[in-house]
>>> print(open('structure.cif').read())   # mmCIF, C-alpha atoms
data_coords
loop_
_atom_site.label_atom_id
_atom_site.label_comp_id
_atom_site.auth_asym_id
_atom_site.auth_seq_id
_atom_site.Cartn_x
_atom_site.Cartn_y
_atom_site.Cartn_z
CA MET A 556 -25.33 58.27 26.55
CA SER A 557 -28.97 58.14 25.49
CA ALA A 558 -30.17 54.99 23.78
CA ARG A 559 -33.04 56.92 22.20
CA ARG A 560 -30.78 59.50 20.60
CA LEU A 561 -28.38 56.77 19.45
CA TRP A 562 -31.25 54.85 17.83
CA SER A 563 -32.41 57.96 16.01
CA VAL A 564 -28.99 58.35 14.38
CA VAL A 565 -28.84 54.65 13.52
CA ARG A 566 -32.30 54.82 11.94
CA LYS A 567 -31.34 57.89 9.94
CA GLU A 568 -28.19 56.21 8.57
CA VAL A 569 -30.03 53.01 7.62
CA LEU A 570 -32.65 55.00 5.71
CA GLN A 571 -29.95 56.95 3.88
CA LEU A 572 -28.21 53.73 2.88
CA LEU A 573 -31.45 52.23 1.57
CA ARG A 574 -32.38 55.36 -0.37
CA ASP A 575 -29.01 55.70 -2.07
CA ARG A 576 -29.55 52.79 -4.46
CA ARG A 577 -26.52 53.57 -6.60
CA THR A 578 -24.15 53.39 -3.66
CA LEU A 579 -25.91 50.34 -2.25
CA GLY A 580 -25.69 48.58 -5.61
CA THR A 581 -22.00 49.41 -5.88
CA ILE A 582 -21.35 48.11 -2.38
CA ILE A 583 -22.97 44.78 -3.21
CA THR A 584 -21.56 44.28 -6.72
CA LEU A 585 -18.04 45.59 -6.11
CA PRO A 586 -16.94 42.74 -3.80
CA ILE A 587 -18.30 40.21 -6.28
CA ILE A 588 -16.25 41.70 -9.11
CA GLN A 589 -13.16 42.08 -6.93
CA MET A 590 -13.47 38.55 -5.60
CA ILE A 591 -13.71 37.06 -9.07
CA LEU A 592 -10.83 39.13 -10.46
CA TYR A 593 -8.41 39.02 -7.53
CA GLY A 594 -9.25 35.42 -6.72
CA TYR A 595 -7.45 34.36 -9.88
CA LEU A 596 -4.25 36.12 -8.90
CA SER A 597 -1.66 33.45 -8.47
CA ASN A 598 2.08 32.99 -8.11
CA ASP A 599 1.85 29.47 -9.52
CA VAL A 600 3.98 28.96 -12.62
CA THR A 601 2.29 26.47 -14.94
CA HIS A 602 2.01 25.69 -18.64
CA ILE A 603 4.96 27.82 -19.73
CA SER A 604 5.32 28.05 -23.49
CA THR A 605 8.43 26.12 -24.57
CA ALA A 606 10.41 25.74 -27.80
CA VAL A 607 12.47 22.59 -28.43
CA PHE A 608 15.45 21.99 -30.70
CA ASP A 609 15.88 18.23 -30.58
CA GLN A 610 18.90 17.16 -32.62
CA SER A 611 18.83 13.63 -31.21
CA ARG A 612 15.29 12.59 -32.16
CA THR A 613 15.53 9.35 -30.19
CA PRO A 614 13.41 7.57 -27.60
CA GLU A 615 15.79 8.90 -24.94
CA SER A 616 15.24 12.51 -26.00
CA ARG A 617 11.49 12.00 -26.14
CA THR A 618 11.61 10.56 -22.60
CA LEU A 619 13.40 13.72 -21.46
CA LEU A 620 10.79 15.98 -23.04
CA GLN A 621 7.97 13.88 -21.62
CA ALA A 622 9.49 14.28 -18.15
CA PHE A 623 9.28 18.05 -18.53
CA THR A 624 5.69 18.06 -19.76
CA ASN A 625 4.58 15.69 -17.00
CA THR A 626 5.40 18.36 -14.44
CA THR A 627 2.60 20.66 -15.79
CA TYR A 628 5.10 23.54 -15.67
CA VAL A 629 6.06 23.13 -19.33
CA ASN A 630 3.97 23.19 -22.49
CA ILE A 631 5.99 22.30 -25.59
CA ASN A 632 4.37 24.49 -28.24
CA TYR A 633 7.21 24.71 -30.77
CA TYR A 634 9.49 22.09 -32.31
CA THR A 635 12.22 23.89 -34.22
CA THR A 636 15.00 22.91 -36.61
CA GLY A 637 17.63 25.36 -35.46
CA PHE A 638 18.88 27.40 -32.51
CA ASP A 639 18.11 30.66 -34.30
CA GLN A 640 14.42 29.74 -34.40
CA VAL A 641 14.42 29.13 -30.66
CA GLN A 642 16.10 32.47 -30.11
CA ARG A 643 13.52 34.31 -32.21
CA LEU A 644 10.61 32.69 -30.39
CA ILE A 645 12.04 33.74 -27.03
CA ASP A 646 12.87 37.24 -28.27
CA ARG A 647 9.26 37.70 -29.45
CA GLY A 648 7.89 36.37 -26.20
CA ASP A 649 6.14 33.45 -27.88
CA ALA A 650 8.21 31.07 -25.77
CA LYS A 651 9.67 31.49 -22.30
CA ILE A 652 11.83 28.35 -22.35
CA GLY A 653 14.13 26.84 -24.95
CA ILE A 654 15.28 23.22 -24.61
CA LEU A 655 18.32 22.24 -26.67
CA ILE A 656 19.14 18.52 -27.00
CA PRO A 657 22.50 17.70 -28.67
CA PRO A 658 22.76 15.07 -31.44
CA ASP A 659 24.89 12.70 -29.30
CA TYR A 660 22.46 12.75 -26.36
CA ALA A 661 21.26 9.15 -26.68
CA ASP A 662 24.72 7.76 -27.57
CA ARG A 663 26.29 9.26 -24.46
CA LEU A 664 23.52 7.90 -22.23
CA ARG A 665 23.83 4.39 -23.68
CA SER A 666 27.56 4.39 -23.11
CA GLY A 667 27.21 5.60 -19.51
CA ARG A 668 28.70 9.03 -20.15
CA THR A 669 27.25 12.37 -19.07
CA ALA A 670 24.93 13.97 -21.58
CA GLN A 671 24.49 17.73 -21.42
CA VAL A 672 21.17 19.37 -22.29
CA GLY A 673 20.89 23.10 -22.79
CA MET A 674 18.01 25.17 -21.45
CA ILE A 675 17.35 28.83 -22.11
CA VAL A 676 14.99 30.62 -19.73
CA ASP A 677 13.47 34.05 -20.24
CA ALA A 678 14.42 35.69 -16.93
CA SER A 679 12.49 38.91 -17.53
CA GLU A 680 9.97 37.41 -15.12
CA PRO A 681 12.11 36.28 -12.18
CA THR A 682 9.42 34.23 -10.45
CA SER A 683 8.93 31.98 -13.46
CA ALA A 684 12.66 31.83 -14.13
CA ARG A 685 13.48 30.63 -10.62
CA THR A 686 10.83 27.94 -10.85
CA VAL A 687 12.05 26.70 -14.22
CA LEU A 688 15.71 26.69 -13.17
CA ALA A 689 14.86 24.60 -10.12
CA LEU A 690 12.68 22.35 -12.29
CA ALA A 691 15.55 21.71 -14.71
CA GLY A 692 17.79 20.39 -11.96
CA GLU A 693 15.05 18.21 -10.51
CA VAL A 694 14.14 16.62 -13.86
CA GLY A 695 17.80 15.93 -14.63
CA GLN A 696 18.35 14.36 -11.23
CA VAL A 697 15.27 12.14 -11.44
CA LEU A 698 16.10 10.90 -14.93
CA SER A 699 19.74 10.33 -13.98
CA THR A 700 18.70 8.23 -11.00
CA GLN A 701 16.36 6.16 -13.14
CA LEU A 702 19.04 5.51 -15.76
CA ILE A 703 21.63 4.56 -13.15
CA LEU A 704 19.25 2.03 -11.60
CA GLN A 705 18.29 0.60 -15.00
CA GLN A 706 21.91 0.21 -16.08
CA ALA A 707 22.85 -1.35 -12.75
CA ALA A 708 19.97 -3.83 -13.06
CA ARG A 709 20.99 -4.82 -16.62
CA ARG A 710 24.56 -5.43 -15.52
CA GLY A 711 23.49 -7.43 -12.46
CA ILE A 712 24.91 -4.90 -10.03
CA PRO A 713 22.70 -4.19 -7.01
CA PRO A 714 21.77 -0.51 -6.72
CA PRO A 715 23.31 1.39 -3.82
CA ALA A 716 21.22 1.69 -0.67
CA GLN A 717 19.60 5.02 0.03
CA LEU A 718 21.21 6.39 3.13
CA ILE A 719 18.83 9.33 3.71
CA GLU A 720 15.14 9.31 2.95
CA VAL A 721 13.34 12.61 3.25
CA ARG A 722 9.58 12.46 3.39
CA ALA A 723 8.13 15.96 3.12
CA ARG A 724 4.56 16.65 4.04
CA ALA A 725 2.55 19.78 3.44
CA TRP A 726 0.26 20.75 6.31
CA TYR A 727 -3.01 22.69 5.98
CA ASN A 728 -2.79 22.86 2.18
CA PRO A 729 -1.45 19.51 0.92
CA THR A 730 -2.23 20.26 -2.72
CA LEU A 731 -0.42 23.62 -2.48
CA ALA A 732 -3.41 25.24 -4.17
CA GLN A 733 -2.73 28.95 -4.53
CA VAL A 734 -6.42 29.79 -4.19
CA ASN A 735 -6.33 28.74 -0.54
CA PHE A 736 -3.67 31.38 0.06
CA ILE A 737 -4.91 34.26 -2.06
CA VAL A 738 -8.68 34.15 -1.45
CA PRO A 739 -8.61 34.80 2.33
CA GLY A 740 -6.35 37.76 1.67
CA VAL A 741 -8.74 39.05 -0.99
CA ILE A 742 -11.65 38.79 1.45
CA ALA A 743 -9.75 40.83 4.02
CA LEU A 744 -8.73 43.39 1.39
CA ILE A 745 -12.31 43.85 0.18
CA LEU A 746 -13.58 44.29 3.73
CA VAL A 747 -10.95 46.84 4.70
CA PHE A 748 -11.64 48.94 1.60
CA VAL A 749 -15.42 48.82 1.95
CA THR A 750 -15.59 49.54 5.68
CA THR A 751 -12.91 52.22 5.70
CA PHE A 752 -14.26 54.15 2.73
CA GLN A 753 -17.82 53.96 4.00
CA ALA A 754 -16.71 55.24 7.40
CA VAL A 755 -14.73 58.02 5.74
CA THR A 756 -17.98 59.61 4.55
CA VAL A 757 -19.74 59.75 7.92
CA ILE A 758 -18.73 63.32 8.80
CA VAL A 759 -17.54 64.63 5.44
CA ARG A 760 -20.93 63.83 3.91
CA GLU A 761 -22.70 65.89 6.55
CA ARG A 762 -20.36 68.83 5.93
CA GLU A 763 -20.74 68.78 2.14
CA ARG A 764 -24.53 68.41 2.28
CA GLY A 765 -24.81 71.19 4.83
CA THR A 766 -26.79 69.02 7.25
CA ILE A 767 -24.21 69.29 9.99
CA GLU A 768 -25.76 72.62 10.97
CA GLN A 769 -28.92 70.76 11.98
CA LEU A 770 -26.87 68.44 14.20
CA VAL A 771 -25.28 71.39 15.98
CA VAL A 772 -28.54 72.40 17.64
CA THR A 773 -29.50 68.86 18.74
CA PRO A 774 -28.64 67.32 22.12
CA ILE A 775 -26.78 64.45 20.40
CA THR A 776 -23.22 64.14 21.69
CA GLY A 777 -20.22 63.54 19.47
CA THR A 778 -19.84 59.99 20.74
CA GLU A 779 -23.50 59.19 20.04
CA LEU A 780 -23.27 60.69 16.58
CA LEU A 781 -20.17 58.74 15.56
CA LEU A 782 -21.37 55.43 17.01
CA GLY A 783 -24.80 55.91 15.48
CA LYS A 784 -23.24 56.31 12.07
CA VAL A 785 -20.86 53.37 12.49
CA ILE A 786 -23.27 50.71 13.77
CA PRO A 787 -25.11 50.32 10.41
CA LEU A 788 -21.74 49.98 8.70
CA ILE A 789 -20.96 46.99 10.91
CA GLY A 790 -24.06 45.29 9.56
CA LEU A 791 -22.90 46.21 6.06
CA GLY A 792 -19.53 44.62 6.81
CA TYR A 793 -21.19 41.36 7.79
CA ILE A 794 -23.13 41.38 4.52
CA GLU A 795 -19.86 41.84 2.64
CA ILE A 796 -18.07 39.01 4.43
CA THR A 797 -21.04 36.70 3.80
CA ILE A 798 -20.98 37.48 0.07
CA THR A 799 -17.24 36.93 -0.22
CA LEU A 800 -17.33 33.67 1.73
CA LEU A 801 -20.10 32.35 -0.51
CA LEU A 802 -18.03 33.21 -3.58
CA ALA A 803 -14.94 31.62 -2.06
CA THR A 804 -16.73 28.32 -1.44
CA LEU A 805 -19.12 28.14 -4.38
CA TRP A 806 -16.99 29.75 -7.10
CA PHE A 807 -13.42 28.91 -6.09
CA HIS A 808 -14.29 25.72 -4.17
CA MET A 809 -12.13 26.76 -1.24
CA PRO A 810 -12.79 24.53 1.79
CA ILE A 811 -13.58 26.19 5.11
CA LYS A 812 -11.90 24.17 7.84
CA GLY A 813 -12.64 26.30 10.89
CA SER A 814 -15.65 27.74 12.68
CA LEU A 815 -17.68 30.33 10.80
CA LEU A 816 -19.26 31.44 14.06
CA LEU A 817 -15.81 32.21 15.46
CA LEU A 818 -14.94 34.09 12.27
CA TYR A 819 -18.04 36.25 12.51
CA VAL A 820 -17.39 37.00 16.17
CA LEU A 821 -13.76 37.93 15.62
CA SER A 822 -14.66 40.01 12.57
CA LEU A 823 -16.32 42.48 14.92
CA ALA A 824 -12.90 43.48 16.25
CA PHE A 825 -11.68 44.00 12.70
CA PHE A 826 -14.70 46.13 11.77
CA PHE A 827 -14.21 48.14 14.94
CA SER A 828 -10.62 48.96 14.00
CA THR A 829 -11.21 49.70 10.30
CA LEU A 830 -14.29 51.80 10.98
CA GLY A 831 -12.35 53.64 13.66
CA THR A 832 -9.66 54.40 11.08
CA GLY A 833 -12.27 55.68 8.63
CA VAL A 834 -13.99 57.81 11.26
CA LEU A 835 -10.67 59.35 12.28
CA ILE A 836 -9.88 60.21 8.66
CA SER A 837 -13.36 61.67 8.29
CA ALA A 838 -13.02 63.73 11.45
CA VAL A 839 -9.77 65.37 10.39
CA SER A 840 -10.73 65.97 6.73
CA LYS A 841 -12.54 69.01 5.40
CA THR A 842 -13.75 67.62 2.06
CA PHE A 843 -14.57 64.24 0.60
CA GLN A 844 -11.69 64.51 -1.86
CA GLN A 845 -9.26 65.19 0.95
CA ALA A 846 -10.65 62.27 2.94
CA THR A 847 -10.29 59.82 0.03
CA GLN A 848 -6.71 60.92 -0.55
CA VAL A 849 -5.82 60.34 3.09
CA ALA A 850 -7.60 56.97 2.96
CA GLN A 851 -5.55 55.92 -0.05
CA LEU A 852 -2.36 56.90 1.76
CA VAL A 853 -3.40 54.56 4.57
CA LEU A 854 -4.84 51.66 2.54
CA LEU A 855 -2.08 51.26 -0.04
CA PRO A 856 0.72 50.66 2.50
CA SER A 857 -1.69 48.46 4.41
CA MET A 858 -2.12 46.23 1.36
CA LEU A 859 1.61 46.04 0.65
CA LEU A 860 2.86 45.52 4.21
CA SER A 861 0.16 43.25 5.62
CA GLY A 862 1.35 39.99 4.07
CA PHE A 863 -1.40 39.95 1.45
CA ILE A 864 1.07 40.10 -1.46
CA PHE A 865 4.52 39.59 0.04
CA PRO A 866 5.41 37.44 3.06
CA ARG A 867 6.02 39.80 5.97
CA GLU A 868 9.09 37.77 6.96
CA SER A 869 10.78 38.84 3.72
CA LEU A 870 10.35 42.53 4.56
CA PRO A 871 12.95 44.56 6.46
CA TYR A 872 12.29 44.72 10.17
CA TRP A 873 11.31 48.39 10.12
CA LEU A 874 8.69 47.71 7.45
CA GLN A 875 7.34 44.86 9.56
CA VAL A 876 6.97 47.31 12.44
CA ILE A 877 5.09 49.78 10.22
CA GLY A 878 2.88 46.97 8.96
CA GLY A 879 1.91 46.24 12.55
CA ILE A 880 -0.13 49.45 12.78
CA PHE A 881 -2.61 48.31 10.12
CA PRO A 882 -5.67 46.19 11.02
CA LEU A 883 -5.37 44.25 7.76
CA THR A 884 -2.10 42.70 8.98
CA TYR A 885 -3.84 40.91 11.84
CA PHE A 886 -7.12 40.05 10.14
CA ILE A 887 -5.39 38.24 7.26
CA VAL A 888 -3.82 35.95 9.85
CA VAL A 889 -7.24 35.40 11.43
CA LEU A 890 -8.89 34.58 8.10
CA ARG A 891 -6.19 32.18 6.97
CA GLY A 892 -6.06 30.62 10.41
CA ILE A 893 -9.79 29.87 10.49
CA LEU A 894 -10.48 29.15 6.81
CA VAL A 895 -7.30 27.29 5.83
CA LYS A 896 -5.86 25.90 9.08
CA GLY A 897 -9.05 25.46 11.08
CA VAL A 898 -7.48 26.83 14.27
CA GLY A 899 -9.39 28.34 17.18
CA ILE A 900 -9.25 31.34 19.45
CA GLU A 901 -6.37 29.84 21.43
CA TYR A 902 -4.13 30.55 18.42
CA LEU A 903 -5.74 33.78 17.28
CA TRP A 904 -6.09 35.88 20.42
CA ARG A 905 -2.71 37.49 19.73
CA GLN A 906 -4.24 38.97 16.58
CA ILE A 907 -7.47 40.09 18.24
CA LEU A 908 -5.86 42.13 21.01
CA PRO A 909 -4.08 44.49 18.58
CA LEU A 910 -7.29 44.87 16.55
CA VAL A 911 -9.28 45.88 19.62
CA GLY A 912 -6.48 48.18 20.76
CA LEU A 913 -6.28 49.89 17.37
CA GLY A 914 -10.06 50.33 17.31
CA VAL A 915 -10.15 51.89 20.77
CA LEU A 916 -7.26 54.20 19.92
CA MET A 917 -8.74 55.31 16.59
CA PHE A 918 -12.18 56.02 18.03
CA ALA A 919 -10.73 57.84 21.04
CA VAL A 920 -8.66 60.12 18.83
CA ALA A 921 -11.55 60.64 16.38
CA ILE A 922 -13.98 61.59 19.17
CA SER A 923 -11.46 63.98 20.68
CA ARG A 924 -10.87 65.63 17.30
CA PHE A 925 -14.51 65.76 16.30
CA GLN A 926 -16.34 68.85 17.33
CA LYS A 927 -20.04 69.14 16.70
CA ARG A 928 -19.84 72.57 15.16
CA VAL A 929 -19.60 74.19 11.78
CA ASP A 930 -16.01 75.02 10.89
#
>>> encode(input="structure.cif", output="structure tokens")
Amino acid sequence: MSARRLWSVVRKEVLQLLRDRRTLGTIITLPIIQMILYGYLSNDVTHISTAVFDQSRTPESRTLLQAFTNTTYVNINYYTTGFDQVQRLIDRGDAKIGILIPPDYADRLRSGRTAQVGMIVDASEPTSARTVLALAGEVGQVLSTQLILQQAARRGIPPPAQLIEVRARAWYNPTLAQVNFIVPGVIALILVFVTTFQAVTVIVRERERGTIEQLVVTPITGTELLLGKVIPLIGLGYIEITITLLLATLWFHMPIKGSLLLLYVLSLAFFFSTLGTGVLISAVSKTFQQATQVAQLVLLPSMLLSGFIFPRESLPYWLQVIGGIFPLTYFIVVLRGILVKGVGIEYLWRQILPLVGLGVLMFAVAISRFQKRVD
């Protein structure tokens, strides 16, 4: 391999990137737009519109409603005078929850009897419905415990001792902020799309522009040509990761607990594997349209099976195996490990080895398939 010939290809690619201002502008602005839009994706269920039919209208019923609103899951936007109004609001989608308090609610509580409260949940969105159903049981249990203790104190009866005390602690993300989960995944997703699609064009662009004929008569080898085109894209990848990290910290206020130097070093393995995937797609494709279609076939399953959207543990085993062939699967673990957990290489080397292996495999196959000739 000649360093001089390799440098000539690198210089050519850098100049082409700088001259294509439209593409360069898109590359810089696209991750900003994606980061802002996708960063707000969240599975958190908060401030759900609620309609109330309170037939009791007592301090006890108001305490119950206040307990729901204190959770931040419920926003009471409608106070109705009949069940049919609650039903209409839910049917129209104006409310997702209906709380129905019977007229004897306070009387039953004061006499020590069980008081039943109805709750209607719009289950067309299962995630919200599951959260609300669990919330209903928790609120009822907490209020019941408080009332039992109050009544026991008024009657002079000591409250029963608590036999089991469970103290739950949340590690790495004590506030359970969804942004700390979604943003690292968004960063990885942006990087895999940018690097793969840019690498896809390395050979196809030469074919469509007709400049590959000029490369045929040069002494540049296939390996030198592919590496010369990929090296500038690695620098572009580091620019992208810097932009997305700045947005994550300055815009979304996501703390970075681990070493940025380690992240940048390990990112090289990720770029190597994604660029290798793009180069392989480019080497086996005849046109740019064909290359983009193949890239989409690779990137869409990568996004769905990598753990970015759904936990991989919830997937069938065979889908987990398929997800293991995508670089995104491993890099998401690296990003969340460094940014959210603050762990080091001693915990992440199991993710780096597959990334390096995938990169070597992709480049080896791409070089073997690439022939420096006009088809």
>>> resolve_selection(input="structure.cif", expression="the PyMOL selection byres ((chain A and resi 779) around 9)", output="mmCIF file with C-alpha atoms, in the frame of the given file")
data_model
loop_
_atom_site.group_PDB
_atom_site.id
_atom_site.type_symbol
_atom_site.label_atom_id
_atom_site.label_comp_id
_atom_site.auth_asym_id
_atom_site.auth_seq_id
_atom_site.Cartn_x
_atom_site.Cartn_y
_atom_site.Cartn_z
ATOM 1 C CA MET A 556 -25.330 58.270 26.550
ATOM 2 C CA SER A 557 -28.970 58.140 25.490
ATOM 3 C CA ALA A 558 -30.170 54.990 23.780
ATOM 4 C CA ARG A 560 -30.780 59.500 20.600
ATOM 5 C CA LEU A 561 -28.380 56.770 19.450
ATOM 6 C CA VAL A 564 -28.990 58.350 14.380
ATOM 7 C CA ILE A 775 -26.780 64.450 20.400
ATOM 8 C CA THR A 776 -23.220 64.140 21.690
ATOM 9 C CA GLY A 777 -20.220 63.540 19.470
ATOM 10 C CA THR A 778 -19.840 59.990 20.740
ATOM 11 C CA LEU A 780 -23.270 60.690 16.580
ATOM 12 C CA LEU A 781 -20.170 58.740 15.560
ATOM 13 C CA LEU A 782 -21.370 55.430 17.010
ATOM 14 C CA GLY A 783 -24.800 55.910 15.480
ATOM 15 C CA LYS A 784 -23.240 56.310 12.070
#
>>> closest_residue(input="structure.cif", among="A:Thr618, A:Ser611, A:Ser604, A:Thr624", to="Ala650 in chain A", atoms="only C-alpha atoms")
A:Ser604
>>> closest_residue(input="structure.cif", among="A:Ile631, A:Pro614, A:Ser840, A:Gly740", to="His602 in chain A", atoms="all atoms listed in the file")
A:Ile631
>>> residues_around(input="structure.cif", residues="Gly637 in chain A", least_positions_apart="3", cutoff="12 Å", atoms="all atoms listed in the file", output="list in words")
Ala606, Val607, Phe608, Asp609, Gln610, Tyr633, Tyr634, Gln640, Val641, Gln642, Arg643, Leu644, Gly653, Ile654, Leu655, Ile656 and Pro657 of chain A
>>> resolve_selection(input="structure.cif", expression="the PyMOL selection byres ((chain A and resi 744) around 10)", output="list in words")
Pro586, Gln589, Met590, Tyr593, Val738, Pro739, Gly740, Val741, Ile742, Ala743, Ile745, Leu746, Val747, Phe748, Val749, Leu854, Ser857, Met858, Ser861, Phe863, Leu883, Phe886 and Ile887 of chain A
>>> resolve_selection(input="structure.cif", expression="the PyMOL selection byres ((chain A and resi 664) around 12)", output="number ranges by chain")
A: 611, 613-616, 619, 657-663, 665-672, 698-699, 701-703, 705-706
